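For reference, the structure discussed in these notes is given below.
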There are 2 protein chains.
Amino acid sequence: MNRENRVSVTVIRRLPKYYRYLGELLKKGTNRISSQELSKMTGFTASQIRQDLNNFGGFGQQGYGYNVEELHAQLGKILGLNKVYKTVIAGAGNLGQAIANYKGFQDAGFKILALFDKNPKLIGLRIRDLPIMDVDEMEEFIKENEVDIGIITTPKENAQDIADIYIRAGVKGIWNFAPADLRVDDDIIVENVHLNESLFTLSYFLNNRQEYVRD
Amino acid sequence: MNRENRVSVTVIRRLPKYYRYLGELLKKGTNRISSQELSKMTGFTASQIRQDLNNFGGFGQQGYGYNVEELHAQLGKILGLNKVYKTVIAGAGNLGQAIANYKGFQDAGFKILALFDKNPKLIGLRIRDLPIMDVDEMEEFIKENEVDIGIITTPKENAQDIADIYIRAGVKGIWNFAPADLRVDDDIIVENVHLNESLFTLSYFLNNRQEYVRD
């Protein structure tokens with residue numbers, strides 16, 4: 001694929017949103033939808049939506065719109081949601097437990113195998129049917145179970161050490177909730193959830209209501 | 001301010017990142033930094049950084065770079081972090097408790113006053129020094145205490161009801177963790193944290209390693 005044909009990260013970040021809306025339409029029994037109707041739902045312009053989706057192939061038909069079921073399935077495939085991923089969580093505090101308890105991730109194919117912590121009070125407990133294990137056993141566990149994705153919900157101070165274990169053990173991707181920028185090899189995919197940054201964006205908008213344009 | 005002078009949301013979302021990096025430099029005792037050095041830290045190009053910061057005034061000096069302390073303070077002010085915000089959390093499950101326990105938000109001026117839930121087993125308990133109260137008392141509490149920001153960590157099904165209470169009670173902004181799109185008046189700022197979308201972006205990149213360009 002040429003650089004020109006590659007898709008921008010901004011577009012990619014909109015795909016999960018389209019996928020979610022299409023899933024809702026599917027539940028309601030909607031068969032087809034126009035880019036104009038999708039625009040009303042998502043807040044993106046109709047031309048933006050057509051452009052975004054054209055990056056991945058000509059899904060829509062002039063005068064007909066999009067077939068909801070087909071587009072939903074195709075986007076799911078593009079997002080890699082037609083597979084099952086094995087994951088573990090490092091950090092079994094509130095945030096780790098919240099993720100372990102959230103059924104939506106499992107339903108989407110992200111199978112959590114275990115949580116890990118260094119706190120002796122937590123080790124041995126269970127969250128739903130998932131064990132909390134000693135973080136010292138994590139590397140071995142990941143290798144044996146061929147875990148794909150490592151989730152980090154530890155304090156900032158421990159995040160890089162956990163990332164190093166994940167990389168040694170062979171995970172392909174890291175979902176990082178610690179407010180730290182991880183140093184990893186180029187072939188490891190890191191997705192950060194920086195909650196501070198989201199909160200600060202909210203406070204920006206509270207203080208600067210008119211001074212921005214949507215894009 | 002003309003539309004032409006307004007700042008794009010994409011730029012605004014980068015400001016908290018600059019703010020965080022500058023805070024780290026400040027801790028290390030760094031006095032000044034060039035856009036090239038900031039580029040290495042943040043992964044954005046030097047010209048992108050200069051352009052972003054120029055939106056808010058000419059902070060840098062040719063051949064000198066940026067004064068770290070000054071730029072950090074200015075960005076903090078632009079982000080509205082020179083104020084204190086009163087917040088409450090609706091949903092005292094794991095995620096709500098995780099947020100209540102995270103000291104970073106308090107340190108940045110976001111003062112959590114209470115958590116609310118409808119579960120009788122949770123009502124009356126405390127998270128740190130914060131009470132978990134009955135959600136039926138929330139509207140009154142928000143009015144009396146002039147709460148600025150309402151946080152939603154309930155299941156998806158309850159999110160709109162909570163948002164409606166927040167709006168009636170007069171909050172100005174909502175930080176929403178429920179995977180639902182809230183219907184609110186135009187004058188209410190909503191910042192969504194859609195964790196599903198973040199996870200799906202990770203799985204996209206795991207499956208399409210080469211086929212994107214950073215932007």
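Identifiers in this document derive from the order of the structure tokens: chains are assigned A, B, ..., residues are numbered from 1 separately in each chain, and ligands are numbered from 1 in order of occurrence.
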
Discussion item. Counting only C-alpha atoms, a student should be able to say which residues of chain B come within 7 Å of chain A; what is the right answer, written as number ranges by chain?
Written reply: B: 1, 6-9, 13, 16-17, 78-80, 94-95, 97-98, 173, 189, 191, 197, 200-207, 211-215

Practice prompt. Just list the residues in region 3-213 of chain B DSSP gives helix (DSSP H, G or I) on the backbone, as a PyMOL selection string.
Written response: chain B and resi 3-5+9-28+35-42+46-54+68-78+94-101+103-107+135-145+156-169+195-207

Selection to disk with C-alpha atoms, as a short mmCIF file (atom, residue, chain, number, x, y, z; two decimals), in the first residue's frame:
data_model
loop_
_atom_site.label_atom_id
_atom_site.label_comp_id
_atom_site.auth_asym_id
_atom_site.auth_seq_id
_atom_site.Cartn_x
_atom_site.Cartn_y
_atom_site.Cartn_z
CA ARG B 3 -14.69 31.73 12.80
CA GLU B 4 -11.28 31.97 11.06
CA ASN B 5 -9.60 32.74 14.36
CA VAL B 9 -10.91 20.66 18.34
CA THR B 10 -7.96 18.55 17.19
CA VAL B 11 -5.56 21.29 18.28
CA ILE B 12 -7.37 21.75 21.57
CA ARG B 13 -7.06 18.02 22.30
CA ARG B 14 -3.29 18.33 21.96
CA LEU B 15 -3.04 21.09 24.59
CA PRO B 16 -3.39 18.79 27.62
CA LYS B 17 -0.57 16.69 26.20
CA TYR B 18 1.73 19.72 25.89
CA TYR B 19 0.69 20.72 29.37
CA ARG B 20 1.61 17.30 30.75
CA TYR B 21 5.02 17.24 29.07
CA LEU B 22 5.80 20.76 30.24
CA GLY B 23 4.83 19.77 33.76
CA GLU B 24 7.32 16.91 33.59
CA LEU B 25 10.06 19.23 32.30
CA LEU B 26 9.25 21.67 35.09
CA LYS B 27 9.68 18.91 37.69
CA LYS B 28 13.07 18.07 36.20
CA SER B 35 10.03 23.03 19.46
CA GLN B 36 12.48 20.41 18.13
CA GLU B 37 12.98 18.98 21.62
CA LEU B 38 9.23 19.10 22.27
CA SER B 39 8.80 17.26 18.99
CA LYS B 40 11.02 14.41 20.19
CA MET B 41 9.02 14.16 23.42
CA THR B 42 5.55 14.37 21.98
CA ALA B 46 8.19 20.90 15.46
CA SER B 47 6.24 22.95 12.93
CA GLN B 48 2.96 21.43 14.16
CA ILE B 49 3.85 22.39 17.72
CA ARG B 50 4.76 25.97 16.76
CA GLN B 51 1.52 26.26 14.78
CA ASP B 52 -0.58 24.85 17.63
CA LEU B 53 0.90 27.19 20.22
CA ASN B 54 0.72 30.21 17.91
CA VAL B 68 8.94 26.08 30.27
CA GLU B 69 7.47 27.61 33.41
CA GLU B 70 5.74 30.42 31.55
CA LEU B 71 4.32 28.18 28.81
CA HIS B 72 3.13 25.64 31.39
CA ALA B 73 1.35 28.38 33.36
CA GLN B 74 -0.18 29.89 30.21
CA LEU B 75 -1.44 26.54 28.92
CA GLY B 76 -2.86 25.78 32.36
CA LYS B 77 -4.76 29.04 32.22
CA ILE B 78 -6.01 28.36 28.68
CA ASN B 94 -15.61 0.20 40.41
CA LEU B 95 -15.17 2.93 37.83
CA GLY B 96 -16.74 5.65 39.98
CA GLN B 97 -14.59 4.53 42.91
CA ALA B 98 -11.47 4.50 40.72
CA ILE B 99 -12.09 8.12 39.77
CA ALA B 100 -12.86 9.11 43.37
CA ASN B 101 -9.60 7.47 44.47
CA LYS B 103 -5.56 11.91 43.45
CA GLY B 104 -4.48 13.45 40.13
CA PHE B 105 -7.90 14.95 39.45
CA GLN B 106 -8.07 16.64 42.86
CA ASP B 107 -4.55 17.99 42.43
CA VAL B 135 -29.13 9.27 43.83
CA ASP B 136 -32.57 10.62 44.78
CA GLU B 137 -30.78 13.34 46.76
CA MET B 138 -28.46 14.26 43.91
CA GLU B 139 -30.42 17.07 42.25
CA GLU B 140 -30.88 18.92 45.54
CA PHE B 141 -27.23 18.40 46.51
CA ILE B 142 -25.97 19.79 43.20
CA LYS B 143 -28.16 22.89 43.48
CA GLU B 144 -27.14 23.57 47.08
CA ASN B 145 -23.45 23.07 46.42
CA LYS B 156 -25.43 2.77 29.70
CA GLU B 157 -29.13 2.31 30.51
CA ASN B 158 -29.11 4.97 33.27
CA ALA B 159 -26.85 7.51 31.61
CA GLN B 160 -29.53 9.69 30.00
CA ASP B 161 -31.60 9.85 33.21
CA ILE B 162 -28.52 10.96 35.11
CA ALA B 163 -27.69 13.52 32.43
CA ASP B 164 -31.24 14.89 32.70
CA ILE B 165 -30.85 15.32 36.47
CA TYR B 166 -27.48 17.02 35.98
CA ILE B 167 -28.96 19.46 33.49
CA ARG B 168 -32.02 20.26 35.64
CA ALA B 169 -29.73 20.83 38.62
CA LEU B 195 -13.48 2.99 26.22
CA ASN B 196 -14.88 0.57 23.65
CA GLU B 197 -13.80 2.89 20.86
CA SER B 198 -10.29 3.10 22.27
CA LEU B 199 -10.04 -0.70 22.50
CA PHE B 200 -11.37 -1.13 18.95
CA THR B 201 -8.76 1.34 17.68
CA LEU B 202 -6.10 -0.83 19.31
CA SER B 203 -7.45 -3.94 17.59
CA TYR B 204 -7.53 -2.07 14.26
CA PHE B 205 -3.84 -1.30 14.58
CA LEU B 206 -3.04 -4.88 15.60
CA ASN B 207 -4.61 -6.01 12.33
#

Item to complete: Using DSSP on the backbone coordinates, identify all residues within region 17-186 of chain A classified as strand (DSSP E or B); present the result as a PyMOL selection string.
Response: chain A and resi 32-33+61+65-67+85-90+110-117+126-127+130-134+149-152+173-176
